[in-house]
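Take a look at the structure below.
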Amino acid sequence: MANVFIFPTTSLILSDLVARFGHTPLSAAMQIREIVQTPGLESPPLQITPEDPKKGLRWAAVEVPAGVRGRMSLYGPLLDRAEAAIIVNNADFSFGCMGCARTNELLMFLIRKKGIPVLDLEYPANEEEGVEFVAAIKRFLDSLPGGRA
Amino acid sequence: MKAYTPLLTGTVTKYVFVESPEMTPSDLAIRAYEISQGVMIKETCFGLQVTGREEDVNRIIDSLRALDPTHIFVKDRGFPPGDPRRCRANLGGARPGYFGHEFEMGLVRFISRGLSALPSRRPDDMPRPPVPEKRERLDAARLKEIIGSQES
Amino acid sequence: MTRVRIAQLSCGPEYSGVQKEINDAAAAVDAEIFFPDLKLADIRQSFSEFGLDVRSPDLKLAIARAKALVEGRVEADAVFIATCFRCAEAAIVRNELRRFIHEKSRLPVVSYSFTERTTSGTLLTRMEALTTIARRRALLAREVQEGITMGVDSGSSTTKAVVMKDNRIIGTGWLPTTGVIESAENAVSEALSAAGISRDEIQAIGTTGYGRFLVGEHLKADLIQEELTVNSKGAVFLADSQHGPSTVIDIGGMDNKAISVQDGIPGTFTMGGICAGASGRFLEMTAKRLGVDITELGPLAMKGLSQKVPMNSYCIVFGTQSLVNALAAGSTPEDVAAAACHSVAEQVFEQQLQEVDIKEPVIMVGGTSLIQGLVRAMGDLLQTPITVPPYSQYIGAVGSALLASGFIRRE
């Protein structure tokens, strides 16, 4: 079983398919769950405090906007654990956790720099593309360590 | 700053969404209540949320998935259902993640099609999606040639 | 009091740890933040109609929400736009949305770029102004001062008091702020004695400025109001420009305000948390270093040429360094004074005036508006004549006295 980074990290489709084909999707929800279940100082809505953008300094310098560094404090630890990644390149309407294009660019770069297996895709726009999409993901996941291939 | 004491620690919440000609979100909820055994079930627009200890949640999800495997989709959620920090009633509008669901739920029928079609295809016949397009730009020298040929 | 509903258009505050600060600042002025509700289809359509093709989905969402507000599909009393400091993409959206809302609706709007260090305290005055505009349109519509009223402006550098009667200023008081209440008391006594009026003849009192709450409580004021709305009101009253558009610039001791005003009511505004090199404090320092009184700095600067001295710094320390260097290199006090005025005007121009739409007349107010060199430098930068109304240094006190007359009980 491999830890598979998914982009968008909030994706229902990717999260479902990765788990369905026997691997662990690394999703934004896991990180959010961890921080909302950890005691500390109250900082609604996400329990990200002003300290978190400082943790993000590990991935982005201080002149990078706070929102990028705060988001990186969420996804950076996921990147550390990632053994493979599936990237949907035309996720133009993924808000909130995926709402900042600069963070997303940095994330994509760091994934590629890591040198792990990456599958690049676009969202399907019709049934045949749906078949292609699922087939590509299955083939990719099966080829990973612990996969069914 | 006020101290923060988390609620429902040690639980997980998962979304179970359905997009099926055979089953509505409320059908799904009825089946979930039948097997819930005290695990929290909450209906939502696209299906339901299941909250509890991870093994209990997974047990329920496995049974639900079996009802219509190619039309039921599951993902983790960071917050428990009805959390005031994410609740539409408190925010005035949907939290940003909702639009993401709205977007992907518009596409899952294609995924369902993929999931149902694949088992009947031989591994060699599995289609490959095109690699996301990166268009080559026209070479500047070639452009110059074209302009030159138009002018003459 | 009805709760004011402020629509938030933003990218990043939840991820920077500052959403709570925004909520707290709003709650402190009895307002609530909400997020206009939309459907995905609306977001796509509005984003494409607006035509600003940004990449960040949360900015697309902000654009769609702004359109929903302007088109009346979602109701709000005011709009707060917040994006990350140092994000160019967001800065473009922030400016365009502010302008769009200002031009196409009557909703008051304020924009802010935050860092993880932004606190509710920093946001409070802005939220207060936003809610006042939304809540007190009737009060702000007042154009004539009636009866006998007093206004007190407890600022970070100076405390000002004004007594008004039948739409005229009849007494003023002006002192450096030392003890907040003590300075207010003295300024009030000064104004009362200049007016020849006893304290119990005053029918209503308004306070503004940093010390407004403390002084307001002490004087049992009828109106305690932040300086953005009060100064706008005072400025258009004194400049006799109560109708149509105008722009009010107030370079203060601690922060600067630039307010885009329509019919005497602020539409958009910025309040500068920029450094002391762009404040009245730097001009005070300059005067001190040149060995002249602050009142002489303006005339001195008018005789000099700013171009002869390189000086351009947000930071008061670096600014002072340039000043010392210039004097050591033999620059004349006139040129140095002119350069200091130009430097302050330039910082305000670059940092703040880009965030509001400059519409004529441009009215400069506050103590620094008496420094002619600064007014000239600002006029040069904006390429427009600047109006400095009489009593411009008492702007907050005048605005307070004017608005306070709305509280006089009719017999």
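Chains: A, B, ... in order of the structure tokens. Residues: from 1 per chain. Ligands: from 1, in order shown.
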With only C-alpha atoms as the counted atoms, please give the residues lying no more than 8 Å from segment 27-35 of chain A, apart from itself and same-chain residues fewer than 6 positions off, as a compact mmCIF listing (two decimals) with C-alpha atoms, in the first residue's frame.
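Produced file selection_36.txt, reproduced below:
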# COMPACT_ATOMS: atom_id res chain seq x y z
CA PHE A 5 -0.63 12.50 -2.81
CA ILE A 6 -3.67 13.73 -4.70
CA THR A 9 -6.08 17.39 -2.20
CA THR A 10 -9.79 17.91 -1.60
CA SER A 11 -10.89 15.73 -4.51
CA SER A 15 -9.62 10.14 -2.85
CA LEU A 46 -9.81 25.84 10.57
CA GLN A 47 -7.78 26.06 13.78
CA ILE A 48 -4.89 27.43 11.75
CA LEU A 74 -1.00 21.83 5.93
CA TYR A 75 0.31 20.15 2.80
CA LEU A 78 1.69 15.31 3.29
CA CYS A 97 -7.79 24.45 0.66
CA VAL B 12 -13.21 10.21 11.84
CA ASP B 76 -12.52 11.88 4.34
CA ARG B 77 -13.77 15.04 5.97
CA GLY B 78 -11.79 17.11 8.46
CA PHE B 79 -14.75 18.40 10.47
Near Glu14 of chain C, counting only C-alpha atoms, which residues have an atom at most 8 Å away, once you skip same-chain residues fewer than 2 positions from it, shown as a compact mmCIF listing (two decimals) with C-alpha atoms, in the first residue's frame?
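Done, and the output landed in around-v3.txt:
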# COMPACT_ATOMS: atom_id res chain seq x y z
CA PRO A 44 -11.76 29.32 13.88
CA PRO A 45 -12.67 28.25 11.33
CA LEU A 46 -9.81 25.84 10.57
CA ILE A 48 -4.89 27.43 11.75
CA GLY A 67 -1.85 32.42 3.06
CA GLY C 12 -6.26 33.49 2.55
CA SER C 16 -3.12 32.78 7.79
CA GLY C 17 -4.72 32.44 11.20
CA VAL C 18 -6.45 35.82 10.99
CA GLN C 19 -10.09 34.98 10.27
Which residues, written as a PyMOL selection string, have at least one atom at most 10 Å from segment 26-35 of chain B, with only C-alpha atoms counted and residues fewer than 4 positions away on the same chain left out?
-> chain B and resi 16-18+22+39-50+59-61+63-65+67-68+72
I need the chosen residues saved as a short mmCIF file (atom, residue, chain, number, x, y, z; two decimals), in the first residue's frame, with N, CA and C atoms.
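Result written to out.cif:
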data_model
loop_
_atom_site.label_atom_id
_atom_site.label_comp_id
_atom_site.auth_asym_id
_atom_site.auth_seq_id
_atom_site.Cartn_x
_atom_site.Cartn_y
_atom_site.Cartn_z
N VAL B 16 -20.10 9.94 2.27
CA VAL B 16 -20.49 8.87 1.33
C VAL B 16 -21.49 9.51 0.37
N PHE B 17 -21.06 9.71 -0.85
CA PHE B 17 -21.92 10.37 -1.83
C PHE B 17 -22.45 9.36 -2.84
N VAL B 18 -23.65 9.61 -3.30
CA VAL B 18 -24.22 8.71 -4.30
C VAL B 18 -24.76 9.51 -5.48
N GLU B 22 -30.34 4.29 -9.51
CA GLU B 22 -31.00 3.27 -8.69
C GLU B 22 -31.26 3.74 -7.26
N VAL B 39 -23.38 4.60 15.44
CA VAL B 39 -22.46 5.51 14.75
C VAL B 39 -23.29 6.67 14.18
N MET B 40 -22.71 7.86 14.23
CA MET B 40 -23.47 9.05 13.82
C MET B 40 -23.62 9.12 12.29
N ILE B 41 -24.86 9.23 11.84
CA ILE B 41 -25.13 9.34 10.40
C ILE B 41 -25.83 10.67 10.17
N LYS B 42 -25.38 11.42 9.17
CA LYS B 42 -26.03 12.70 8.92
C LYS B 42 -26.22 12.84 7.41
N GLU B 43 -27.44 13.14 7.02
CA GLU B 43 -27.70 13.30 5.58
C GLU B 43 -27.18 14.65 5.08
N THR B 44 -26.71 14.69 3.85
CA THR B 44 -26.29 15.95 3.23
C THR B 44 -26.87 16.00 1.82
N CYS B 45 -26.57 17.06 1.11
CA CYS B 45 -27.13 17.23 -0.24
C CYS B 45 -26.80 16.05 -1.15
N PHE B 46 -25.57 15.58 -1.09
CA PHE B 46 -25.14 14.58 -2.07
C PHE B 46 -25.09 13.17 -1.50
N GLY B 47 -25.44 13.01 -0.23
CA GLY B 47 -25.36 11.68 0.35
C GLY B 47 -25.38 11.79 1.85
N LEU B 48 -24.35 11.24 2.51
CA LEU B 48 -24.33 11.37 3.95
C LEU B 48 -22.92 11.45 4.51
N GLN B 49 -22.89 11.76 5.82
CA GLN B 49 -21.62 11.77 6.53
C GLN B 49 -21.72 10.74 7.64
N VAL B 50 -20.65 10.00 7.82
CA VAL B 50 -20.62 8.99 8.86
C VAL B 50 -19.49 9.36 9.82
N ARG B 59 -16.58 -0.04 8.56
CA ARG B 59 -17.50 -1.18 8.46
C ARG B 59 -18.79 -0.73 7.75
N ILE B 60 -19.31 0.40 8.19
CA ILE B 60 -20.56 0.89 7.59
C ILE B 60 -20.35 1.24 6.11
N ILE B 61 -19.21 1.90 5.85
CA ILE B 61 -18.95 2.31 4.47
C ILE B 61 -18.79 1.10 3.55
N SER B 63 -20.24 -1.76 3.84
CA SER B 63 -21.57 -2.32 3.55
C SER B 63 -22.32 -1.43 2.57
N LEU B 64 -22.18 -0.13 2.75
CA LEU B 64 -22.92 0.79 1.85
C LEU B 64 -22.38 0.72 0.43
N ARG B 65 -21.07 0.72 0.32
CA ARG B 65 -20.45 0.64 -1.01
C ARG B 65 -20.94 -0.57 -1.79
N LEU B 67 -23.71 -1.83 -1.89
CA LEU B 67 -25.05 -1.68 -2.45
C LEU B 67 -25.02 -1.26 -3.91
N ASP B 68 -24.05 -0.43 -4.25
CA ASP B 68 -23.99 0.10 -5.61
C ASP B 68 -22.56 0.58 -5.87
N ILE B 72 -21.25 4.82 -5.75
CA ILE B 72 -21.05 5.40 -4.41
C ILE B 72 -19.59 5.80 -4.26
#
Contact check, chain A to chain C, at most 8 Å, counting only C-alpha atoms, closest pairs as a Markdown table:
| residue | atom | partner | partner_atom | distance |
| --- | --- | --- | --- | --- |
| A:Ser43 | CA | C:Lys20 | CA | 5.8 |
| A:Pro44 | CA | C:Lys20 | CA | 5.8 |
| A:Pro45 | CA | C:Glu14 | CA | 6.6 |
| A:Leu46 | CA | C:Glu14 | CA | 6.5 |
| A:Gln47 | CA | C:Gly17 | CA | 7.5 |
| A:Ile48 | CA | C:Gly17 | CA | 5.0 |
| A:Thr49 | CA | C:Gly17 | CA | 4.1 |
| A:Pro50 | CA | C:Gly17 | CA | 4.5 |
| A:Glu51 | CA | C:Gly17 | CA | 7.6 |
| A:Asp52 | CA | C:Ser16 | CA | 7.3 |
| A:Pro53 | CA | C:Ser16 | CA | 6.0 |
| A:Glu63 | CA | C:Arg86 | CA | 7.2 |
| A:Val64 | CA | C:Arg86 | CA | 7.0 |
| A:Pro65 | CA | C:Arg86 | CA | 5.6 |
| A:Ala66 | CA | C:Ser16 | CA | 5.3 |
| A:Gly67 | CA | C:Gly12 | CA | 4.6 |
| A:Val68 | CA | C:Gly12 | CA | 7.7 |
| A:Arg69 | CA | C:Ser16 | CA | 7.7 |
| A:Gly70 | CA | C:Tyr15 | CA | 4.9 |
| A:Arg71 | CA | C:Tyr15 | CA | 5.8 |
| A:Asp92 | CA | C:Pro57 | CA | 6.4 |
| A:Phe93 | CA | C:Pro57 | CA | 5.6 |
| A:Ser94 | CA | C:Pro57 | CA | 6.2 |
| A:Phe95 | CA | C:Pro57 | CA | 5.4 |
| A:Gly96 | CA | C:Asp58 | CA | 6.4 |
| A:Met98 | CA | C:Pro57 | CA | 7.5 |
| A:Gly99 | CA | C:Asp58 | CA | 4.5 |
| A:Cys100 | CA | C:Ser56 | CA | 4.7 |
| A:Ala101 | CA | C:Ser56 | CA | 4.3 |
| A:Arg102 | CA | C:Ser56 | CA | 7.4 |
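Counting only C-alpha atoms and comparing B:Ala66, B:Ile111, B:Ala94, B:Met105, the residue that lies closest to chain A is B:Ile111.
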Using atom CA of Gly373 of chain C and atom CA of Ala287 of chain C as the two end points, give the distance in Å to one decimal.
-> 12.3 Å
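Minimum atom-to-atom distance to chain B, evaluated using only C-alpha atoms, belongs to A:Arg139 out of A:His23, A:Lys113, A:Arg139, A:Arg148.
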Would you please give, as an MDAnalysis selection string, all residues of segment 53-149 of chain A that DSSP assigns to strand (DSSP E) based on the backbone?
-> chainID A and resid 84:88 118:121
Write a file of the just-selected residues containing N, CA and C atoms, as a PDB file, in the first residue's frame.
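Saved the output as again16.pdb:
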ATOM      1  N   ALA A  84       3.826   8.571  -4.092  1.00  0.00           N
ATOM      2  CA  ALA A  84       3.391   8.714  -5.490  1.00  0.00           C
ATOM      3  C   ALA A  84       2.383   9.852  -5.511  1.00  0.00           C
ATOM      4  N   ALA A  85       2.066  10.334  -6.712  1.00  0.00           N
ATOM      5  CA  ALA A  85       1.113  11.444  -6.779  1.00  0.00           C
ATOM      6  C   ALA A  85       0.257  11.350  -8.031  1.00  0.00           C
ATOM      7  N   ILE A  86      -1.000  11.733  -7.886  1.00  0.00           N
ATOM      8  CA  ILE A  86      -1.887  11.863  -9.049  1.00  0.00           C
ATOM      9  C   ILE A  86      -2.311  13.328  -9.120  1.00  0.00           C
ATOM     10  N   ILE A  87      -2.052  13.911 -10.272  1.00  0.00           N
ATOM     11  CA  ILE A  87      -2.340  15.336 -10.418  1.00  0.00           C
ATOM     12  C   ILE A  87      -3.368  15.563 -11.511  1.00  0.00           C
ATOM     13  N   VAL A  88      -4.467  16.218 -11.145  1.00  0.00           N
ATOM     14  CA  VAL A  88      -5.422  16.660 -12.158  1.00  0.00           C
ATOM     15  C   VAL A  88      -5.060  18.100 -12.517  1.00  0.00           C
ATOM     16  N   VAL A 118       4.539  10.064 -10.805  1.00  0.00           N
ATOM     17  CA  VAL A 118       3.438  11.037 -10.902  1.00  0.00           C
ATOM     18  C   VAL A 118       2.568  10.684 -12.100  1.00  0.00           C
ATOM     19  N   LEU A 119       1.274  10.704 -11.890  1.00  0.00           N
ATOM     20  CA  LEU A 119       0.333  10.537 -13.007  1.00  0.00           C
ATOM     21  C   LEU A 119      -0.346  11.877 -13.268  1.00  0.00           C
ATOM     22  N   ASP A 120      -0.208  12.381 -14.483  1.00  0.00           N
ATOM     23  CA  ASP A 120      -0.857  13.639 -14.876  1.00  0.00           C
ATOM     24  C   ASP A 120      -2.133  13.355 -15.654  1.00  0.00           C
ATOM     25  N   LEU A 121      -3.193  14.029 -15.264  1.00  0.00           N
ATOM     26  CA  LEU A 121      -4.486  13.789 -15.908  1.00  0.00           C
ATOM     27  C   LEU A 121      -5.256  15.095 -16.051  1.00  0.00           C
TER      28      LEU A 121
END
Could you tell me which of A:Pro117, A:Gly76, A:Gly56, A:Pro39 comes closest to Ala2 of chain A if we count only C-alpha atoms?
-> A:Pro117
Residue contacts of segment 151-155 of chain C (10 Å, only C-alpha atoms) excluding same-chain residues fewer than 3 positions away, as a PyMOL selection string = chain C and resi 158-164+172-177+180-181+183-185+187-188+191+204-216+219+221+223-227+230-231+252-254+394-405
Could you list, as a ChimeraX atom specification, every residue of chain B that has an atom within 12 Å of an atom of chain C, counting only C-alpha atoms?
-> /B:1-2,85-106
Would you mind exporting the chosen residues as a PDB file, in the first residue's frame, restricted to N, CA and C atoms?
ATOM      1  N   MET B   1      -6.021  35.166  23.857  1.00  0.00           N
ATOM      2  CA  MET B   1      -6.715  34.147  23.047  1.00  0.00           C
ATOM      3  C   MET B   1      -7.314  33.067  23.934  1.00  0.00           C
ATOM      4  N   LYS B   2      -8.461  32.576  23.495  1.00  0.00           N
ATOM      5  CA  LYS B   2      -9.136  31.550  24.286  1.00  0.00           C
ATOM      6  C   LYS B   2      -8.550  30.172  24.011  1.00  0.00           C
ATOM      7  N   ARG B  85     -18.328  25.950  12.816  1.00  0.00           N
ATOM      8  CA  ARG B  85     -17.315  26.704  12.066  1.00  0.00           C
ATOM      9  C   ARG B  85     -17.465  26.534  10.558  1.00  0.00           C
ATOM     10  N   ARG B  86     -18.131  25.479  10.140  1.00  0.00           N
ATOM     11  CA  ARG B  86     -18.275  25.204   8.714  1.00  0.00           C
ATOM     12  C   ARG B  86     -19.720  25.248   8.251  1.00  0.00           C
ATOM     13  N   CYS B  87     -20.623  25.438   9.216  1.00  0.00           N
ATOM     14  CA  CYS B  87     -22.045  25.306   8.907  1.00  0.00           C
ATOM     15  C   CYS B  87     -22.538  26.506   8.101  1.00  0.00           C
ATOM     16  N   ARG B  88     -23.293  26.214   7.077  1.00  0.00           N
ATOM     17  CA  ARG B  88     -23.812  27.249   6.189  1.00  0.00           C
ATOM     18  C   ARG B  88     -24.637  28.293   6.950  1.00  0.00           C
ATOM     19  N   ALA B  89     -25.370  27.824   7.949  1.00  0.00           N
ATOM     20  CA  ALA B  89     -26.226  28.729   8.710  1.00  0.00           C
ATOM     21  C   ALA B  89     -25.395  29.808   9.406  1.00  0.00           C
ATOM     22  N   ASN B  90     -24.182  29.479   9.798  1.00  0.00           N
ATOM     23  CA  ASN B  90     -23.348  30.455  10.495  1.00  0.00           C
ATOM     24  C   ASN B  90     -22.492  31.286   9.555  1.00  0.00           C
ATOM     25  N   LEU B  91     -22.182  30.739   8.397  1.00  0.00           N
ATOM     26  CA  LEU B  91     -21.279  31.443   7.490  1.00  0.00           C
ATOM     27  C   LEU B  91     -22.037  32.363   6.534  1.00  0.00           C
ATOM     28  N   GLY B  92     -23.336  32.156   6.426  1.00  0.00           N
ATOM     29  CA  GLY B  92     -24.116  32.954   5.493  1.00  0.00           C
ATOM     30  C   GLY B  92     -24.173  32.295   4.132  1.00  0.00           C
ATOM     31  N   GLY B  93     -23.152  31.539   3.815  1.00  0.00           N
ATOM     32  CA  GLY B  93     -23.120  30.846   2.532  1.00  0.00           C
ATOM     33  C   GLY B  93     -22.333  29.567   2.692  1.00  0.00           C
ATOM     34  N   ALA B  94     -22.276  28.808   1.616  1.00  0.00           N
ATOM     35  CA  ALA B  94     -21.582  27.532   1.673  1.00  0.00           C
ATOM     36  C   ALA B  94     -20.092  27.756   1.932  1.00  0.00           C
ATOM     37  N   ARG B  95     -19.500  26.813   2.664  1.00  0.00           N
ATOM     38  CA  ARG B  95     -18.042  26.866   2.832  1.00  0.00           C
ATOM     39  C   ARG B  95     -17.415  26.532   1.485  1.00  0.00           C
ATOM     40  N   PRO B  96     -16.165  26.975   1.258  1.00  0.00           N
ATOM     41  CA  PRO B  96     -15.576  26.830  -0.076  1.00  0.00           C
ATOM     42  C   PRO B  96     -15.565  25.382  -0.572  1.00  0.00           C
ATOM     43  N   GLY B  97     -15.359  24.435   0.340  1.00  0.00           N
ATOM     44  CA  GLY B  97     -15.267  23.035  -0.066  1.00  0.00           C
ATOM     45  C   GLY B  97     -16.536  22.516  -0.728  1.00  0.00           C
ATOM     46  N   TYR B  98     -17.655  23.142  -0.399  1.00  0.00           N
ATOM     47  CA  TYR B  98     -18.925  22.684  -0.959  1.00  0.00           C
ATOM     48  C   TYR B  98     -18.929  22.811  -2.487  1.00  0.00           C
ATOM     49  N   PHE B  99     -18.357  23.922  -2.971  1.00  0.00           N
ATOM     50  CA  PHE B  99     -18.336  24.131  -4.422  1.00  0.00           C
ATOM     51  C   PHE B  99     -17.496  23.063  -5.112  1.00  0.00           C
ATOM     52  N   GLY B 100     -16.461  22.608  -4.416  1.00  0.00           N
ATOM     53  CA  GLY B 100     -15.628  21.516  -4.942  1.00  0.00           C
ATOM     54  C   GLY B 100     -16.464  20.252  -5.106  1.00  0.00           C
ATOM     55  N   HIS B 101     -17.321  19.985  -4.117  1.00  0.00           N
ATOM     56  CA  HIS B 101     -18.208  18.820  -4.231  1.00  0.00           C
ATOM     57  C   HIS B 101     -19.150  18.994  -5.400  1.00  0.00           C
ATOM     58  N   GLU B 102     -19.706  20.220  -5.475  1.00  0.00           N
ATOM     59  CA  GLU B 102     -20.666  20.497  -6.536  1.00  0.00           C
ATOM     60  C   GLU B 102     -20.005  20.238  -7.896  1.00  0.00           C
ATOM     61  N   PHE B 103     -18.759  20.687  -8.003  1.00  0.00           N
ATOM     62  CA  PHE B 103     -18.024  20.517  -9.255  1.00  0.00           C
ATOM     63  C   PHE B 103     -17.804  19.038  -9.574  1.00  0.00           C
ATOM     64  N   GLU B 104     -17.261  18.290  -8.613  1.00  0.00           N
ATOM     65  CA  GLU B 104     -16.930  16.895  -8.906  1.00  0.00           C
ATOM     66  C   GLU B 104     -18.179  16.011  -9.022  1.00  0.00           C
ATOM     67  N   MET B 105     -19.231  16.365  -8.283  1.00  0.00           N
ATOM     68  CA  MET B 105     -20.448  15.550  -8.400  1.00  0.00           C
ATOM     69  C   MET B 105     -21.068  15.686  -9.794  1.00  0.00           C
ATOM     70  N   GLY B 106     -20.709  16.771 -10.475  1.00  0.00           N
ATOM     71  CA  GLY B 106     -21.159  16.920 -11.859  1.00  0.00           C
ATOM     72  C   GLY B 106     -20.399  16.000 -12.812  1.00  0.00           C
TER      73      GLY B 106
END
In Å to one decimal, how far is atom CA of Ile363 of chain C from atom CA of Lys308 of chain C?
-> 27.8 Å
At what distance in Å, to one decimal, does atom CA of Gly264 of chain C lie from atom CA of Ala27 of chain C?
->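 Distance between the two atoms: 26.2 Å.
Distances from B:Leu143, B:Met23, B:Leu138, B:Val131 to chain A were compared using only C-alpha atoms, and the smallest one belongs to B:Val131.
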